[in-house]
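Engineer: Before we start, here is the structure in question, set down as structure tokens.
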Amino acid sequence: MTWTTNDIPDLSGRLAIVTGATGGLGLETALVLAGKGAEVVLAARNPAKGAEAERLIRSRHPDAAVRFELLDLASLASVRAFAERYLATGRPIDILIDNAGVMALPTRQTTVDGFEMQFGTNYLSHFALVGRLLPLLTAANARVVQLSSVAHRSGHIRLDDLNYQTHYSPWPVYQQSKLAMLMFALELQRRSDAHGWGLTSVAAHPGFARTDLIANGHAGKPGLFARGARLLEAVLSHSAADGALPILMAATLPDPTPGGYYGPTGFQEMKGPPGVAVIKRQARDVDVAKRLWTESERLTGMTYG
């Protein structure tokens, strides 16, 4: 039987935070969560887009409890400020979806803190965010969802140069960031089990979803590669709403597999009904995951304890 949003239980009284929720997959995810009664925080960096997203959600769900909160994942100071605001409230967080990201930037760019933009935005800032919010997540036995990608299949964790200070190439860097997200989900579950944090850590990927992420990256630039990407998109992709289904499944299943991974179940997991996705062998490398965790703590200054 195909899983749909009709299978999501009532989420009234639950607090959900979705990063990058002012467009694309994040907005589609937030729309559904709000419609199911959750209090939803749209954590993103553009207040104008945040206000627009709030209006859209309320136009669909007039009674929605939804609000925008400033979070710029290209800045660890912004991550810290966001987390401190929530820690001050003491309100437990039931669902955290680390969705925001950038993809295949044509040239090497850096975050405010000097990290390579894809690795810093997609992975390191989310690593720091989860760590800073950990007291509120453990208080609710939270569901924590990391956004990975089919790109993780070709990914490699470049431990000697995580920020690609040499030999930058758009796709290998993106692949590394999405492999890191999946490895983070698995390692977070292992550490939660070991330390009694009570988290359910899972990951999801949207397949080939039609969002601005593609247009804003390498595939959006004129040329043969872009034409090929558009052709593949026409054949293999699905809508952002369909791409959000595995994310919603991961976030709301009553009994998910701890350390589970969800994605489309069609051809090569590009599109199709949501279900269990394939985790490639390199993502299960516990030794590399531990070394990545240690290095992530060093880079971000966020020690989980």
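Residues in the structure tokens are numbered from 1 in each chain, the chains being A, B, ... in the order shown, and ligands are numbered from 1 in the order shown.
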Tell me, as a compact mmCIF listing (two decimals) with C-alpha atoms, in the first residue's frame, which residues lie within 10 Å of stretch 8-10 of chain A, counting only C-alpha atoms; anything in the same chain fewer than 4 positions away does not count.
Structural biologist:
# COMPACT_ATOMS: atom_id res chain seq x y z
CA TRP A 3 2.07 5.82 1.91
CA THR A 4 0.48 9.28 1.53
CA ARG A 14 3.96 19.20 18.46
CA VAL A 32 1.77 19.48 5.32
CA LEU A 33 3.00 19.59 8.92
CA GLY A 35 -2.06 21.19 7.99
CA LYS A 36 -1.73 18.27 10.39
CA GLY A 37 -1.81 20.59 13.39
CA ALA A 38 1.88 21.01 14.21
CA LEU A 248 7.38 13.68 5.76
CA MET A 249 7.44 9.90 6.07
CA ALA A 251 9.45 12.82 10.19
CA THR A 252 6.05 11.38 11.09
CA LEU A 253 6.02 7.58 10.84
CA PRO A 254 4.85 6.27 14.21
Engineer: Return as number ranges by chain the full set of residues in stretch 94-281 of chain A whose backbone-based DSSP assignment is helix (DSSP H, G or I).
Structural biologist: A: 117-139, 150-154, 170-195, 212-215, 218-220, 224-236, 240-243, 245-252, 267-269, 281
Engineer: Per DSSP on the backbone, filter stretch 159-275 of chain A down to the residues in strand (DSSP E or B) and report them as an NGL selection string.
Structural biologist: :A and (200-204 or 209 or 238 or 261-264 or 274-275)
Engineer: Using the selection just defined, write its residues with N, CA and C atoms as a compact mmCIF listing (two decimals), in the first residue's frame.
Structural biologist:
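Saved as selection.txt:
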# COMPACT_ATOMS: atom_id res chain seq x y z
N THR A 200 15.24 9.79 17.90
CA THR A 200 15.11 8.92 16.73
C THR A 200 15.70 9.71 15.57
N SER A 201 16.88 9.30 15.14
CA SER A 201 17.61 9.99 14.09
C SER A 201 17.44 9.23 12.78
N VAL A 202 16.93 9.91 11.77
CA VAL A 202 16.67 9.29 10.47
C VAL A 202 17.13 10.25 9.37
N ALA A 203 17.14 9.75 8.16
CA ALA A 203 17.50 10.57 7.01
C ALA A 203 16.50 10.31 5.89
N ALA A 204 16.45 11.23 4.95
CA ALA A 204 15.56 11.09 3.80
C ALA A 204 16.18 11.78 2.60
N ALA A 209 13.75 15.98 -7.47
CA ALA A 209 12.60 16.87 -7.30
C ALA A 209 12.85 18.19 -8.01
N HIS A 238 10.14 14.48 -10.36
CA HIS A 238 8.77 14.67 -9.89
C HIS A 238 8.69 16.01 -9.17
N TYR A 261 16.46 5.29 6.55
CA TYR A 261 16.66 6.18 5.41
C TYR A 261 15.50 5.99 4.46
N TYR A 262 14.88 7.10 4.04
CA TYR A 262 13.66 7.04 3.24
C TYR A 262 13.81 7.86 1.97
N GLY A 263 13.21 7.37 0.90
CA GLY A 263 13.27 8.07 -0.38
C GLY A 263 12.25 7.50 -1.35
N PRO A 264 12.20 8.02 -2.57
CA PRO A 264 11.30 7.47 -3.58
C PRO A 264 11.71 6.03 -3.92
N PRO A 274 7.00 7.01 -1.68
CA PRO A 274 8.04 6.98 -0.66
C PRO A 274 8.15 5.62 0.01
N GLY A 275 9.37 5.30 0.43
CA GLY A 275 9.62 4.04 1.13
C GLY A 275 11.05 4.00 1.62
Engineer: Leaving out A:Gly272 and any residue of its chain fewer than 5 positions from it, which residues lie within 10 Å of it when counting only C-alpha atoms, given as number ranges by chain?
Structural biologist: A: 2, 206-208, 236-238, 242-243, 245-246, 263-267
Engineer: Of the residues A:Thr138, A:Thr211, A:Thr22, A:Ser169, which is the one nearest to A:His195, using only C-alpha atoms?
Structural biologist: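 When distances to A:His195 are compared using only C-alpha atoms, the smallest one comes from A:Thr138.
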Engineer: Contacts between stretch 294-305 of chain A and stretch 92-202 of chain A, please, where a residue of stretch 92-202 of chain A counts if it comes within 12 Å (with only C-alpha atoms); show its shortest atom pair and distance in Å to one decimal, rows by chain and ascending number, as CSV.
Structural biologist:
residue,atom,partner,partner_atom,distance
A:Asp113,CA,A:Thr300,CA,9.1
A:Gly114,CA,A:Leu299,CA,10.2
A:Phe115,CA,A:Leu299,CA,8.8
A:Glu116,CA,A:Leu299,CA,11.8
A:Phe119,CA,A:Ser296,CA,10.6
A:Gly120,CA,A:Thr300,CA,9.4
A:Thr121,CA,A:Thr300,CA,11.8
A:Tyr123,CA,A:Ser296,CA,9.1
A:Leu124,CA,A:Ser296,CA,6.6
A:Ser125,CA,A:Thr300,CA,7.7
A:His126,CA,A:Thr300,CA,10.2
A:Phe127,CA,A:Ser296,CA,7.4
A:Ala128,CA,A:Met302,CA,5.7
A:Leu129,CA,A:Met302,CA,8.8
A:Val130,CA,A:Tyr304,CA,9.1
A:Gly131,CA,A:Tyr304,CA,5.7
A:Arg132,CA,A:Met302,CA,7.3
A:Leu133,CA,A:Tyr304,CA,10.2
A:Leu134,CA,A:Tyr304,CA,8.1
A:Pro135,CA,A:Tyr304,CA,10.3
A:Ile157,CA,A:Glu295,CA,11.5
A:Arg158,CA,A:Glu295,CA,11.3
A:Leu159,CA,A:Glu295,CA,8.3
A:Asp160,CA,A:Glu295,CA,10.2
A:Asp161,CA,A:Glu295,CA,10.8
A:Leu162,CA,A:Glu295,CA,9.1
A:Asn163,CA,A:Leu299,CA,10.3
A:Ala180,CA,A:Ser296,CA,10.2
A:Met181,CA,A:Ser296,CA,11.7
A:Phe184,CA,A:Ser296,CA,10.1
A:Glu187,CA,A:Thr294,CA,11.4
A:Leu188,CA,A:Tyr304,CA,10.2
A:Arg191,CA,A:Tyr304,CA,9.6
A:Ser192,CA,A:Tyr304,CA,10.5
A:Ala194,CA,A:Gly305,CA,11.7
A:His195,CA,A:Gly305,CA,9.2
A:Trp197,CA,A:Tyr304,CA,10.9
Engineer: Return the single residue from A:Ala53, A:Met183, A:Val66, A:Met1 that is closest to A:Lys290, with distances computed using only C-alpha atoms.
Structural biologist: A:Met183
Engineer: Select, from A:Val40, A:Ile95, A:Ala48, A:Ala244, the residue with the minimum atom-to-atom distance to A:Leu147, counting only C-alpha atoms.
Structural biologist: A:Ala244
Engineer: What is the distance, in Å and to one decimal place, between atom CA of A:Gly50 and atom CA of A:Leu70?
Structural biologist: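 Between atom CA of A:Gly50 and atom CA of A:Leu70 the gap is 8.7 Å.
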Engineer: For A:Met117, please output as a PyMOL selection string all residues within 8 Å (counting only C-alpha atoms; exclusion window: fewer than 6 positions along the same chain).
Structural biologist: chain A and resi 74+102+108-111
Engineer: For the selection just defined, write its residues with all heavy atoms to a file, as a short mmCIF file (atom, residue, chain, number, x, y, z; two decimals), in the first residue's frame.
Structural biologist:
data_model
loop_
_atom_site.label_atom_id
_atom_site.label_comp_id
_atom_site.auth_asym_id
_atom_site.auth_seq_id
_atom_site.Cartn_x
_atom_site.Cartn_y
_atom_site.Cartn_z
N ALA A 74 24.82 29.86 6.65
CA ALA A 74 26.17 30.23 6.21
C ALA A 74 26.91 30.98 7.32
O ALA A 74 27.98 31.54 7.08
CB ALA A 74 26.11 31.07 4.95
N VAL A 102 22.51 24.05 -0.42
CA VAL A 102 22.88 24.54 -1.74
C VAL A 102 23.50 23.39 -2.51
O VAL A 102 24.02 22.44 -1.93
CB VAL A 102 23.85 25.74 -1.66
CG1 VAL A 102 23.17 26.94 -1.05
CG2 VAL A 102 25.09 25.37 -0.83
N ARG A 108 34.07 27.82 -6.20
CA ARG A 108 34.20 27.68 -4.75
C ARG A 108 33.84 28.99 -4.05
O ARG A 108 34.39 30.04 -4.36
CB ARG A 108 35.61 27.26 -4.37
CG ARG A 108 35.78 26.91 -2.89
CD ARG A 108 37.20 26.48 -2.55
NE ARG A 108 37.30 26.02 -1.18
CZ ARG A 108 37.51 26.82 -0.12
NH1 ARG A 108 37.65 28.13 -0.32
NH2 ARG A 108 37.60 26.32 1.09
N GLN A 109 32.91 28.90 -3.12
CA GLN A 109 32.53 30.03 -2.29
C GLN A 109 32.67 29.61 -0.83
O GLN A 109 32.74 28.42 -0.53
CB GLN A 109 31.09 30.45 -2.57
CG GLN A 109 30.83 30.85 -4.02
CD GLN A 109 29.37 31.17 -4.28
OE1 GLN A 109 28.68 31.76 -3.46
NE2 GLN A 109 28.87 30.76 -5.44
N THR A 110 32.70 30.58 0.07
CA THR A 110 32.87 30.26 1.48
C THR A 110 31.79 30.90 2.33
O THR A 110 31.19 31.91 1.96
CB THR A 110 34.24 30.72 2.00
OG1 THR A 110 34.38 32.12 1.78
CG2 THR A 110 35.37 29.97 1.31
N THR A 111 31.54 30.30 3.47
CA THR A 111 30.61 30.85 4.45
C THR A 111 31.30 31.98 5.21
O THR A 111 32.50 32.24 5.04
CB THR A 111 30.18 29.77 5.45
OG1 THR A 111 31.32 29.40 6.26
CG2 THR A 111 29.63 28.54 4.75
#
